[in-house]
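Pasted below: entry-v6.cif, mmCIF, C-alpha atoms.
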data_start
loop_
_atom_site.label_atom_id
_atom_site.label_comp_id
_atom_site.auth_asym_id
_atom_site.auth_seq_id
_atom_site.Cartn_x
_atom_site.Cartn_y
_atom_site.Cartn_z
CA MET A 1 -27.45 -76.73 -24.45
CA ASN A 2 -25.35 -73.98 -23.01
CA ASP A 3 -27.57 -71.36 -24.52
CA LEU A 4 -30.62 -73.05 -23.11
CA SER A 5 -29.18 -73.30 -19.65
CA THR A 6 -28.10 -69.66 -19.84
CA SER A 7 -31.50 -68.51 -21.03
CA SER A 8 -33.23 -70.52 -18.33
CA GLN A 9 -31.27 -68.58 -15.76
CA ILE A 10 -32.60 -65.25 -16.97
CA THR A 11 -34.92 -63.81 -14.43
CA TYR A 12 -37.54 -61.26 -15.39
CA ARG A 13 -38.07 -58.47 -13.00
CA ALA A 14 -41.26 -56.47 -13.11
CA VAL A 15 -40.54 -52.77 -13.58
CA PRO A 16 -42.69 -50.84 -11.16
CA ILE A 17 -44.77 -48.06 -12.72
CA ARG A 18 -44.75 -44.96 -10.67
CA PRO A 19 -48.16 -44.22 -9.10
CA GLY A 20 -48.10 -40.69 -10.55
CA VAL A 21 -48.04 -42.05 -14.14
CA ILE A 22 -50.93 -44.44 -13.45
CA ARG A 23 -52.94 -41.64 -11.94
CA ARG A 24 -52.27 -39.44 -14.97
CA ILE A 25 -53.36 -42.18 -17.46
CA ARG A 26 -56.45 -42.99 -15.39
CA GLY A 27 -57.32 -39.32 -15.39
CA LEU A 28 -57.59 -39.21 -19.20
CA SER A 29 -61.02 -39.29 -20.78
CA ASP A 30 -61.89 -41.99 -23.35
CA GLN A 31 -61.65 -39.44 -26.13
CA ALA A 32 -58.22 -38.26 -25.00
CA LEU A 33 -57.04 -41.85 -24.81
CA ALA A 34 -58.33 -42.51 -28.34
CA TRP A 35 -56.47 -39.44 -29.60
CA LEU A 36 -53.34 -40.64 -27.82
CA PHE A 37 -53.48 -43.94 -29.73
CA ILE A 38 -54.33 -42.57 -33.18
CA THR A 39 -52.01 -39.55 -33.13
CA PRO A 40 -48.90 -41.51 -34.28
CA THR A 41 -50.87 -42.89 -37.25
CA ILE A 42 -52.21 -39.46 -38.17
CA VAL A 43 -48.73 -37.93 -37.95
CA LEU A 44 -47.33 -40.73 -40.14
CA LEU A 45 -50.14 -40.29 -42.71
CA LEU A 46 -49.60 -36.54 -42.80
CA ALA A 47 -45.86 -37.00 -43.30
CA ILE A 48 -46.07 -39.75 -45.93
CA ASN A 49 -49.28 -38.96 -47.85
CA ILE A 50 -50.63 -35.49 -47.25
CA PHE A 51 -47.41 -33.45 -47.11
CA PRO A 52 -46.01 -34.80 -50.44
CA LEU A 53 -49.41 -34.21 -52.07
CA VAL A 54 -49.63 -30.61 -50.84
CA TRP A 55 -45.98 -30.04 -51.79
CA THR A 56 -46.60 -31.45 -55.31
CA ILE A 57 -49.62 -29.16 -55.71
CA TYR A 58 -47.43 -26.20 -54.69
CA LEU A 59 -44.62 -27.24 -57.08
CA SER A 60 -47.10 -27.58 -59.96
CA PHE A 61 -47.56 -23.79 -59.85
CA THR A 62 -43.82 -23.02 -59.92
CA ASN A 63 -40.83 -23.42 -62.24
CA TYR A 64 -38.92 -25.55 -59.69
CA ARG A 65 -36.36 -28.01 -61.08
CA ALA A 66 -35.11 -30.78 -58.80
CA ASN A 67 -31.64 -30.75 -60.41
CA ARG A 68 -31.25 -27.04 -59.59
CA PRO A 69 -32.53 -26.78 -56.01
CA ASN A 70 -30.79 -23.46 -55.34
CA ALA A 71 -32.18 -21.65 -58.39
CA PRO A 72 -34.86 -19.02 -57.60
CA THR A 73 -38.39 -20.46 -57.75
CA LEU A 74 -40.92 -18.40 -59.68
CA TRP A 75 -44.69 -18.59 -59.24
CA LEU A 76 -46.23 -19.46 -62.65
CA GLY A 77 -49.88 -19.87 -61.69
CA THR A 78 -51.72 -22.33 -63.93
CA ASP A 79 -49.23 -22.07 -66.83
CA TRP A 80 -48.11 -25.71 -66.64
CA TYR A 81 -51.72 -26.94 -66.52
CA GLN A 82 -52.59 -24.89 -69.62
CA SER A 83 -49.45 -26.10 -71.36
CA ILE A 84 -50.18 -29.79 -70.62
CA LEU A 85 -53.85 -29.54 -71.51
CA THR A 86 -53.13 -28.00 -74.92
CA ASP A 87 -50.08 -30.12 -75.79
CA PRO A 88 -50.78 -32.57 -78.67
CA ASP A 89 -47.90 -34.85 -77.52
CA ILE A 90 -49.44 -35.32 -74.07
CA TRP A 91 -52.80 -35.84 -75.74
CA ALA A 92 -51.18 -38.56 -77.87
CA ALA A 93 -49.78 -40.18 -74.69
CA MET A 94 -53.31 -40.16 -73.26
CA GLN A 95 -54.58 -41.92 -76.37
CA VAL A 96 -51.86 -44.58 -76.04
CA THR A 97 -52.96 -45.01 -72.42
CA ALA A 98 -56.59 -45.23 -73.55
CA HIS A 99 -55.73 -47.94 -76.12
CA PHE A 100 -53.89 -49.90 -73.45
CA VAL A 101 -56.62 -49.49 -70.81
CA VAL A 102 -59.60 -50.23 -73.07
CA TRP A 103 -58.15 -53.35 -74.71
CA THR A 104 -56.62 -54.86 -71.56
CA VAL A 105 -59.80 -54.32 -69.54
CA LEU A 106 -61.97 -55.72 -72.34
CA ILE A 107 -59.83 -58.83 -72.89
CA GLU A 108 -59.31 -59.46 -69.18
CA THR A 109 -63.02 -59.11 -68.43
CA VAL A 110 -64.18 -61.45 -71.20
CA LEU A 111 -61.49 -64.07 -70.53
CA GLY A 112 -61.69 -63.67 -66.73
CA PHE A 113 -65.45 -64.13 -66.66
CA GLY A 114 -65.21 -67.07 -69.06
CA LEU A 115 -62.59 -68.79 -66.92
CA ALA A 116 -64.58 -68.10 -63.74
CA PHE A 117 -67.65 -69.60 -65.37
CA LEU A 118 -65.69 -72.74 -66.25
CA ILE A 119 -63.89 -73.01 -62.88
CA ASP A 120 -67.21 -72.58 -61.05
CA LYS A 121 -68.35 -75.97 -62.41
CA LYS A 122 -67.19 -78.88 -60.30
CA PHE A 123 -64.81 -81.17 -62.20
CA ARG A 124 -61.83 -83.42 -61.54
CA GLY A 125 -58.62 -81.49 -60.78
CA HIS A 126 -60.60 -78.29 -60.28
CA GLY A 127 -58.33 -77.04 -57.45
CA LEU A 128 -55.13 -77.77 -59.38
CA TRP A 129 -56.37 -75.88 -62.45
CA THR A 130 -57.37 -72.90 -60.31
CA THR A 131 -53.85 -72.75 -58.84
CA ILE A 132 -52.23 -73.02 -62.29
CA ILE A 133 -54.44 -70.24 -63.69
CA LEU A 134 -53.64 -67.99 -60.72
CA LEU A 135 -49.84 -68.37 -61.09
CA PRO A 136 -49.16 -65.39 -63.44
CA MET A 137 -50.89 -63.02 -61.03
CA MET A 138 -48.49 -63.98 -58.24
CA LEU A 139 -45.36 -63.04 -60.21
CA SER A 140 -43.64 -59.71 -59.91
CA PRO A 141 -44.22 -57.32 -62.86
CA ALA A 142 -40.42 -56.98 -63.16
CA VAL A 143 -40.06 -60.75 -63.62
CA VAL A 144 -42.98 -60.85 -66.07
CA GLY A 145 -41.53 -57.95 -68.07
CA ASN A 146 -38.15 -59.64 -68.31
CA PHE A 147 -39.30 -63.08 -69.33
CA TRP A 148 -41.81 -61.75 -71.87
CA THR A 149 -38.92 -59.77 -73.39
CA PHE A 150 -37.27 -63.17 -73.98
CA LEU A 151 -40.51 -64.72 -75.23
CA TYR A 152 -40.87 -61.88 -77.77
CA GLN A 153 -37.27 -62.26 -79.08
CA PRO A 154 -37.54 -62.60 -82.88
CA GLN A 155 -34.71 -65.19 -83.11
CA ILE A 156 -35.20 -67.38 -80.05
CA GLY A 157 -38.56 -66.25 -78.62
CA LEU A 158 -41.18 -68.93 -78.05
CA PHE A 159 -44.03 -66.52 -78.84
CA ASN A 160 -42.73 -65.90 -82.37
CA TYR A 161 -42.37 -69.66 -82.96
CA VAL A 162 -45.93 -70.34 -81.80
CA VAL A 163 -47.30 -67.58 -84.07
CA ALA A 164 -45.13 -68.88 -86.93
CA PHE A 165 -46.47 -72.42 -86.37
CA PHE A 166 -50.10 -71.27 -86.66
CA THR A 167 -49.73 -68.63 -89.39
CA GLY A 168 -46.96 -70.09 -91.54
CA ARG A 169 -44.91 -66.86 -91.36
CA GLY A 170 -41.20 -66.95 -90.56
CA ALA A 171 -40.53 -66.78 -86.82
CA SER A 172 -38.05 -63.94 -87.19
CA SER A 173 -40.07 -62.08 -89.83
CA PHE A 174 -41.76 -59.88 -87.23
CA GLN A 175 -40.77 -58.16 -83.99
CA MET A 176 -43.43 -57.78 -81.34
CA LEU A 177 -41.52 -55.16 -79.36
CA GLY A 178 -39.78 -53.38 -82.23
CA ASP A 179 -42.69 -52.93 -84.61
CA VAL A 180 -44.76 -49.73 -84.49
CA THR A 181 -48.03 -51.60 -85.12
CA LEU A 182 -47.36 -54.66 -82.98
CA SER A 183 -45.73 -53.16 -79.87
CA PRO A 184 -48.96 -51.65 -78.40
CA TRP A 185 -50.52 -55.11 -78.73
CA ALA A 186 -47.45 -56.77 -77.20
CA ILE A 187 -47.98 -54.92 -73.91
CA VAL A 188 -51.73 -55.61 -74.05
CA ILE A 189 -51.03 -59.36 -74.38
CA VAL A 190 -48.63 -59.39 -71.42
CA ASP A 191 -50.98 -57.44 -69.15
CA ALA A 192 -53.92 -59.64 -70.14
CA TRP A 193 -51.83 -62.76 -69.46
CA MET A 194 -50.84 -61.50 -66.04
CA TRP A 195 -54.09 -59.98 -64.76
CA THR A 196 -56.86 -62.13 -66.28
CA PRO A 197 -56.61 -64.49 -63.25
CA TYR A 198 -57.33 -61.57 -60.94
CA VAL A 199 -60.51 -60.70 -62.84
CA MET A 200 -61.36 -64.41 -62.78
CA LEU A 201 -61.08 -64.45 -58.97
CA ILE A 202 -63.45 -61.48 -58.55
CA CYS A 203 -65.95 -62.94 -61.05
CA LEU A 204 -65.71 -66.31 -59.29
CA ALA A 205 -66.66 -64.61 -56.01
CA GLY A 206 -69.65 -63.11 -57.84
CA LEU A 207 -70.73 -66.45 -59.30
CA ARG A 208 -70.35 -68.23 -55.95
CA SER A 209 -72.55 -65.59 -54.27
CA ILE A 210 -75.57 -66.54 -56.41
CA PRO A 211 -77.83 -68.80 -54.33
CA ASP A 212 -78.58 -72.25 -55.78
CA TYR A 213 -82.34 -71.97 -55.15
CA ILE A 214 -82.63 -69.34 -57.91
CA TYR A 215 -81.29 -71.84 -60.45
CA GLU A 216 -83.54 -74.56 -58.99
CA ALA A 217 -86.57 -72.29 -59.40
CA ALA A 218 -85.49 -71.52 -62.98
CA GLU A 219 -85.22 -75.23 -63.73
CA VAL A 220 -88.69 -75.81 -62.32
CA ASP A 221 -89.86 -73.13 -64.77
CA ARG A 222 -87.99 -75.06 -67.50
CA ALA A 223 -85.68 -72.17 -68.33
CA SER A 224 -82.91 -73.15 -70.72
CA ASN A 225 -79.22 -72.85 -69.74
CA TRP A 226 -78.90 -69.90 -72.11
CA ARG A 227 -81.87 -68.16 -70.48
CA GLN A 228 -80.50 -68.89 -66.99
CA PHE A 229 -77.19 -67.33 -67.99
CA TRP A 230 -78.73 -64.13 -69.36
CA SER A 231 -81.45 -63.75 -66.70
CA ILE A 232 -79.69 -64.95 -63.53
CA THR A 233 -75.93 -65.43 -63.82
CA LEU A 234 -74.95 -62.29 -65.71
CA PRO A 235 -77.19 -59.75 -63.87
CA MET A 236 -76.23 -61.12 -60.46
CA ALA A 237 -72.51 -61.23 -61.23
CA LEU A 238 -72.58 -57.78 -62.87
CA PRO A 239 -71.65 -55.71 -59.76
CA PHE A 240 -68.57 -57.91 -59.30
CA ILE A 241 -67.66 -57.57 -62.98
CA MET A 242 -68.03 -53.78 -62.64
CA LEU A 243 -65.71 -53.90 -59.64
CA ALA A 244 -63.07 -55.81 -61.60
CA VAL A 245 -63.42 -53.44 -64.59
CA LEU A 246 -62.96 -50.36 -62.41
CA PHE A 247 -60.04 -51.83 -60.49
CA ARG A 248 -58.20 -52.94 -63.60
CA GLY A 249 -59.03 -49.64 -65.32
CA ILE A 250 -57.49 -47.63 -62.48
CA GLU A 251 -54.44 -49.90 -62.23
CA ASN A 252 -53.78 -49.85 -65.97
CA PHE A 253 -54.25 -46.10 -66.15
CA LYS A 254 -51.27 -45.87 -63.79
CA MET A 255 -49.30 -48.69 -65.47
CA PHE A 256 -45.57 -48.02 -65.51
CA ASP A 257 -43.32 -50.93 -64.52
CA MET A 258 -44.26 -53.52 -67.12
CA VAL A 259 -44.36 -51.06 -70.05
CA ASN A 260 -41.03 -49.57 -68.96
CA LEU A 261 -39.43 -53.02 -68.87
CA LEU A 262 -40.92 -54.28 -72.12
CA THR A 263 -40.62 -51.30 -74.47
CA GLY A 264 -39.59 -48.25 -72.40
CA GLY A 265 -42.25 -46.33 -74.34
CA GLY A 266 -40.82 -47.20 -77.78
CA PRO A 267 -40.46 -47.72 -80.66
CA GLY A 268 -40.69 -43.94 -81.04
CA SER A 269 -43.51 -43.05 -78.71
CA THR A 270 -45.99 -45.74 -79.78
CA THR A 271 -46.19 -47.30 -76.30
CA GLU A 272 -45.49 -44.14 -74.32
CA VAL A 273 -48.28 -44.28 -71.78
CA ALA A 274 -48.94 -41.28 -69.50
CA SER A 275 -46.76 -42.56 -66.64
CA ILE A 276 -43.76 -43.01 -68.96
CA THR A 277 -44.20 -39.43 -70.24
CA LEU A 278 -44.38 -38.27 -66.64
CA LYS A 279 -41.19 -40.14 -65.72
CA ARG A 280 -39.36 -38.65 -68.72
CA ALA A 281 -40.47 -35.12 -67.82
CA ALA A 282 -39.58 -35.56 -64.15
CA PHE A 283 -36.29 -37.49 -64.27
CA GLU A 284 -34.88 -37.03 -67.78
CA SER A 285 -35.82 -33.41 -68.55
CA TRP A 286 -35.90 -32.48 -64.84
CA ARG A 287 -39.00 -30.29 -65.32
CA THR A 288 -40.24 -30.85 -61.79
CA GLY A 289 -42.94 -28.14 -61.79
CA TYR A 290 -44.30 -29.31 -65.13
CA SER A 291 -44.27 -32.99 -64.12
CA SER A 292 -45.93 -32.11 -60.79
CA ALA A 293 -48.80 -30.47 -62.70
CA PHE A 294 -49.05 -33.57 -64.92
CA ALA A 295 -49.01 -35.83 -61.84
CA ILE A 296 -51.84 -33.79 -60.29
CA ILE A 297 -53.92 -34.16 -63.48
CA LEU A 298 -53.40 -37.94 -63.38
CA PHE A 299 -54.08 -37.99 -59.63
CA VAL A 300 -57.42 -36.19 -59.98
CA THR A 301 -58.45 -38.63 -62.72
CA VAL A 302 -57.51 -41.66 -60.62
CA PHE A 303 -59.15 -40.13 -57.52
CA GLY A 304 -62.37 -39.56 -59.47
CA LEU A 305 -62.35 -43.14 -60.75
CA ALA A 306 -61.58 -44.40 -57.24
CA ASN A 307 -64.71 -42.62 -55.98
CA ILE A 308 -66.79 -44.54 -58.52
CA TYR A 309 -64.95 -47.72 -57.49
CA VAL A 310 -65.79 -47.21 -53.82
CA LYS A 311 -69.42 -46.58 -54.72
CA ALA A 312 -69.52 -49.83 -56.72
CA LEU A 313 -67.82 -51.64 -53.84
CA ASN A 314 -70.45 -50.39 -51.39
CA ARG A 315 -73.19 -51.60 -53.72
CA VAL A 316 -71.60 -55.06 -53.81
CA LYS A 317 -71.22 -55.06 -50.01
CA SER A 318 -74.89 -54.14 -49.48
CA ARG A 319 -76.01 -57.20 -51.52
CA MET B 1 -117.00 -43.25 -36.02
CA ASN B 2 -115.19 -41.70 -38.92
CA LEU B 3 -113.53 -44.34 -41.09
CA ASP B 4 -112.15 -41.95 -43.68
CA VAL B 5 -108.48 -42.58 -44.13
CA ASN B 6 -106.17 -40.45 -46.19
CA THR B 7 -104.49 -42.97 -48.53
CA SER B 8 -102.63 -40.44 -50.70
CA THR B 9 -98.87 -40.41 -50.36
CA PRO B 10 -97.35 -37.26 -48.87
CA HIS B 11 -96.33 -34.75 -51.54
CA VAL B 12 -92.56 -34.62 -52.01
CA SER B 13 -91.25 -31.79 -54.12
CA LEU B 14 -88.87 -32.39 -57.02
CA THR B 15 -86.15 -30.40 -55.26
CA SER B 16 -86.18 -32.58 -52.15
CA ARG B 17 -86.33 -35.70 -54.32
CA MET B 18 -83.25 -34.53 -56.21
CA LEU B 19 -81.35 -33.27 -53.16
CA ARG B 20 -80.67 -36.74 -51.85
CA ARG B 21 -77.37 -38.55 -51.89
CA GLY B 22 -78.33 -41.17 -54.49
CA PRO B 23 -79.22 -38.94 -57.46
CA LEU B 24 -76.50 -36.40 -56.65
CA GLU B 25 -73.86 -39.14 -56.48
CA ALA B 26 -75.12 -40.52 -59.79
CA ILE B 27 -74.76 -37.06 -61.38
CA ALA B 28 -71.24 -36.63 -59.94
CA THR B 29 -70.27 -40.12 -61.17
CA ALA B 30 -71.53 -39.27 -64.67
CA ILE B 31 -69.51 -36.03 -64.67
CA ILE B 32 -66.33 -37.88 -63.59
CA ALA B 33 -66.88 -40.53 -66.28
CA ALA B 34 -67.43 -37.79 -68.88
CA GLY B 35 -64.18 -36.10 -67.78
CA VAL B 36 -62.21 -39.33 -68.11
CA VAL B 37 -63.67 -40.01 -71.56
CA MET B 38 -62.84 -36.41 -72.61
CA LEU B 39 -59.25 -36.91 -71.40
CA MET B 40 -58.70 -40.05 -73.46
CA GLN B 41 -60.79 -39.49 -76.60
CA PRO B 42 -58.82 -39.07 -79.84
CA PHE B 43 -61.23 -36.71 -81.68
CA PHE B 44 -61.22 -33.13 -80.31
CA LEU B 45 -58.36 -31.30 -78.64
CA THR B 46 -60.85 -28.86 -77.09
CA LEU B 47 -62.56 -31.68 -75.21
CA TYR B 48 -59.16 -32.87 -73.99
CA SER B 49 -58.35 -29.33 -72.79
CA TRP B 50 -61.54 -29.17 -70.69
CA SER B 51 -61.28 -32.74 -69.36
CA PHE B 52 -59.30 -31.86 -66.22
CA ALA B 53 -61.77 -29.13 -65.21
CA VAL B 54 -64.71 -31.50 -65.70
CA THR B 55 -63.07 -34.37 -63.77
CA LEU B 56 -62.06 -32.03 -60.95
CA PHE B 57 -65.58 -30.60 -60.74
CA GLY B 58 -67.09 -34.10 -60.66
CA THR B 59 -64.65 -35.29 -58.01
CA VAL B 60 -65.23 -32.28 -55.75
CA MET B 61 -68.98 -32.64 -56.24
CA PHE B 62 -68.81 -36.36 -55.38
CA THR B 63 -66.81 -35.62 -52.22
CA ILE B 64 -69.37 -33.00 -51.12
CA VAL B 65 -72.55 -34.92 -51.99
CA SER B 66 -71.31 -38.10 -50.28
CA LYS B 67 -71.85 -36.13 -47.03
CA VAL B 68 -75.48 -35.28 -47.92
CA ARG B 69 -78.24 -37.17 -46.04
CA GLU B 70 -79.37 -40.49 -47.53
#
Written form, structure tokens:
Amino acid sequence: MNDLSTSSQITYRAVPIRPGVIRRIRGLSDQALAWLFITPTIVLLLAINIFPLVWTIYLSFTNYRANRPNAPTLWLGTDWYQSILTDPDIWAAMQVTAHFVVWTVLIETVLGFGLAFLIDKKFRGHGLWTTIILLPMMLSPAVVGNFWTFLYQPQIGLFNYVVAFFTGRGASSFQMLGDVTLSPWAIVIVDAWMWTPYVMLICLAGLRSIPDYIYEAAEVDRASNWRQFWSITLPMALPFIMLAVLFRGIENFKMFDMVNLLTGGGPGSTTEVASITLKRAAFESWRTGYSSAFAIILFVTVFGLANIYVKALNRVKSR
Amino acid sequence: MNLDVNTSTPHVSLTSRMLRRGPLEAIATAIIAAGVVMLMQPFFLTLYSWSFAVTLFGTVMFTIVSKVRE
């Protein structure tokens, strides 16, 4: 009560703006006023995005090491780029990344589109099922990584027991995260589990955008359900599927957190995706110049893919 | 009264047909895609070595041609 009575006694006094200031603001042209408003944003963007990028490009041509900031920095030209692009170990890391990207995108697209196709039909409890399917996508990758580590435990892990139930093998006879053959698939399964709902959402938007009259016309022409799917549903949802494929492709190309939590790149280097190699070069070997060059190579690849993504997005928008 | 009407479409050269945003963007997209495939393929180290140059070329080309008239 006291607080209320105190606050009610507060009086607000208008601060007079000096006429000189008003005159100066009124004197500005529209363009000057626009610049005045967007300058803070531009400065912030330059400081947060552009400067680190330019600095990384500069470092990629030098022998700079972040753990020896006072050591003399030598200009090496394109030596790091040549070294990375002829290194069979980095090439192997790219192939691990390719395995991860190709399989996750393929599985997520097929399952996501299938789920969207099912959810698009009206049935009882449709909203509840949509929410349940979307749950994994809402979790943090750190949480997902940790609880899948428990699920993959050979002694107590639920995943091993389920596989043992269906295959008849002993539950602790195999290790998903410790086996050279199984560990790449273990991370594919987790990523597919987490991100299939996202692909489903995009595909669902595509399916919902198809007008009903097209199906009605097809039914008048006595087209079978199979024919309707191949001639109407799939072609019209294709731009959305492409969008999901590109987005997941770009995201998985950069994947770090989940793989780091699940396997840390092991066993050996069987799950060492490009971002894990980059982290090891930058913060374990402290080869800052080398890792900057590697980061620029990955950046250009992602930037190129993002261009294609934006083009696909514009095509979807123009529909 | 002369009723002759010229119904033929105006002649557009191959160069001006090609120098439009659409085809140029498609070419740049194909070059970027080729670069990414070269980066991740497991068959030839030489292709991997040239992948960055190809992707960079495609990306720069895409950035430039996206400013070309429609």
Taking only C-alpha atoms into account, which residues of chain B are within 8 Å of chain A, as a PyMOL selection string?
chain B and resi 29+32-33+36+39-42+45+48-50+52+55-56+58-59+62
Mind checking which residues fall within 12 Å of range 164-169 of chain A, counting all atoms listed in the file, ignoring those fewer than 6 positions away in the same chain, and posting them as a compact mmCIF listing (two decimals) with C-alpha atoms, keeping the file's coordinate frame?
# COMPACT_ATOMS: atom_id res chain seq x y z
CA PRO A 154 -37.54 -62.60 -82.88
CA GLN A 155 -34.71 -65.19 -83.11
CA GLY A 157 -38.56 -66.25 -78.62
CA LEU A 158 -41.18 -68.93 -78.05
CA GLN A 175 -40.77 -58.16 -83.99
For the PyMOL selection byres ((chain A and resi 176) around 9), applied here, can you spell out every residue it catches as a list in words?
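Answer for the PyMOL selection byres ((chain A and resi 176) around 9): Tyr152, Gln153, Pro154, Asn160, Phe174, Gln175, Leu177, Gly178, Asp179, Val180, Thr181, Leu182, Ser183, Pro184, Trp185 and Ala186 of chain A.
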As a compact mmCIF listing (two decimals) with C-alpha atoms, in the coordinates of the input, please: the residues near Leu234 in chain A (cut-off 12 Å, only C-alpha atoms, same-chain neighbours under 3 positions excluded).
# COMPACT_ATOMS: atom_id res chain seq x y z
CA PHE A 113 -65.45 -64.13 -66.66
CA GLY A 114 -65.21 -67.07 -69.06
CA PHE A 117 -67.65 -69.60 -65.37
CA CYS A 203 -65.95 -62.94 -61.05
CA LEU A 204 -65.71 -66.31 -59.29
CA GLY A 206 -69.65 -63.11 -57.84
CA LEU A 207 -70.73 -66.45 -59.30
CA ILE A 210 -75.57 -66.54 -56.41
CA TRP A 226 -78.90 -69.90 -72.11
CA ARG A 227 -81.87 -68.16 -70.48
CA GLN A 228 -80.50 -68.89 -66.99
CA PHE A 229 -77.19 -67.33 -67.99
CA TRP A 230 -78.73 -64.13 -69.36
CA SER A 231 -81.45 -63.75 -66.70
CA ALA A 237 -72.51 -61.23 -61.23
CA LEU A 238 -72.58 -57.78 -62.87
CA PRO A 239 -71.65 -55.71 -59.76
CA PHE A 240 -68.57 -57.91 -59.30
CA ILE A 241 -67.66 -57.57 -62.98
CA MET A 242 -68.03 -53.78 -62.64
Quick one: pull the distance between CA of Thr104 in chain A and CA of Val188 in chain A, Å, one decimal.
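Separating CA of Thr104 in chain A from CA of Val188 in chain A is a distance of 5.5 Å.
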Between CA of Ile189 in chain A and CA of Lys122 in chain A, measure the distance and give it in Å to one decimal.
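CA of Lys122 in chain A lies at a distance of 29.0 Å from CA of Ile189 in chain A.
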Provide the CA of Leu53 in chain A to CA of Ala295 in chain A distance in Å, to one decimal place.
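Separation between CA of Leu53 in chain A and CA of Ala295 in chain A: 9.9 Å.
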Build an axis-aligned box that encloses every atom of range 66-82 of chain A listed in the file, pad it by 8 Å on each side, and report its centre and edge lengths in Å to one decimal, as JSON.
{"center_x": -41.7, "center_y": -24.6, "center_z": -62.5, "size_x": 37.8, "size_y": 28.4, "size_z": 30.3}
Long-range neighbours of Glu272 in chain A as JSON, numbers by chain, 10 Å cut-off, all atoms listed in the file, 2 positions minimum in chain
{"A": [90, 92, 93, 94, 95, 96, 97, 184, 256, 259, 260, 263, 264, 265, 266, 267, 268, 269, 270, 274, 275, 276, 277, 278, 280]}
Selection above as a file: C-alpha atoms, as a JSON list (two decimals), in the frame of the given file:
[["chain", "number", "residue", "atom", "x", "y", "z"],
["A", 90, "ILE", "CA", -49.44, -35.32, -74.07],
["A", 92, "ALA", "CA", -51.18, -38.56, -77.87],
["A", 93, "ALA", "CA", -49.78, -40.18, -74.69],
["A", 94, "MET", "CA", -53.31, -40.16, -73.26],
["A", 95, "GLN", "CA", -54.58, -41.92, -76.37],
["A", 96, "VAL", "CA", -51.86, -44.58, -76.04],
["A", 97, "THR", "CA", -52.96, -45.01, -72.42],
["A", 184, "PRO", "CA", -48.96, -51.65, -78.40],
["A", 256, "PHE", "CA", -45.57, -48.02, -65.51],
["A", 259, "VAL", "CA", -44.36, -51.06, -70.05],
["A", 260, "ASN", "CA", -41.03, -49.57, -68.96],
["A", 263, "THR", "CA", -40.62, -51.30, -74.47],
["A", 264, "GLY", "CA", -39.59, -48.25, -72.40],
["A", 265, "GLY", "CA", -42.25, -46.33, -74.34],
["A", 266, "GLY", "CA", -40.82, -47.20, -77.78],
["A", 267, "PRO", "CA", -40.46, -47.72, -80.66],
["A", 268, "GLY", "CA", -40.69, -43.94, -81.04],
["A", 269, "SER", "CA", -43.51, -43.05, -78.71],
["A", 270, "THR", "CA", -45.99, -45.74, -79.78],
["A", 274, "ALA", "CA", -48.94, -41.28, -69.50],
["A", 275, "SER", "CA", -46.76, -42.56, -66.64],
["A", 276, "ILE", "CA", -43.76, -43.01, -68.96],
["A", 277, "THR", "CA", -44.20, -39.43, -70.24],
["A", 278, "LEU", "CA", -44.38, -38.27, -66.64],
["A", 280, "ARG", "CA", -39.36, -38.65, -68.72]]
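If all atoms listed in the file are the atoms counted, then among A:Phe147, A:Tyr290, A:Phe159, A:Trp193 the closest residue to Glu108 in chain A is A:Trp193.
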Which residues are near Leu134 in chain A? Cut-off 6 Å, only C-alpha atoms, ignore same chain within fewer than 3 positions. Put them as a PyMOL selection string.
chain A and resi 131+137+197
Please save C-alpha atoms of the selected residues as a compact mmCIF listing (two decimals), keeping the file's coordinate frame.
# COMPACT_ATOMS: atom_id res chain seq x y z
CA THR A 131 -53.85 -72.75 -58.84
CA MET A 137 -50.89 -63.02 -61.03
CA PRO A 197 -56.61 -64.49 -63.25
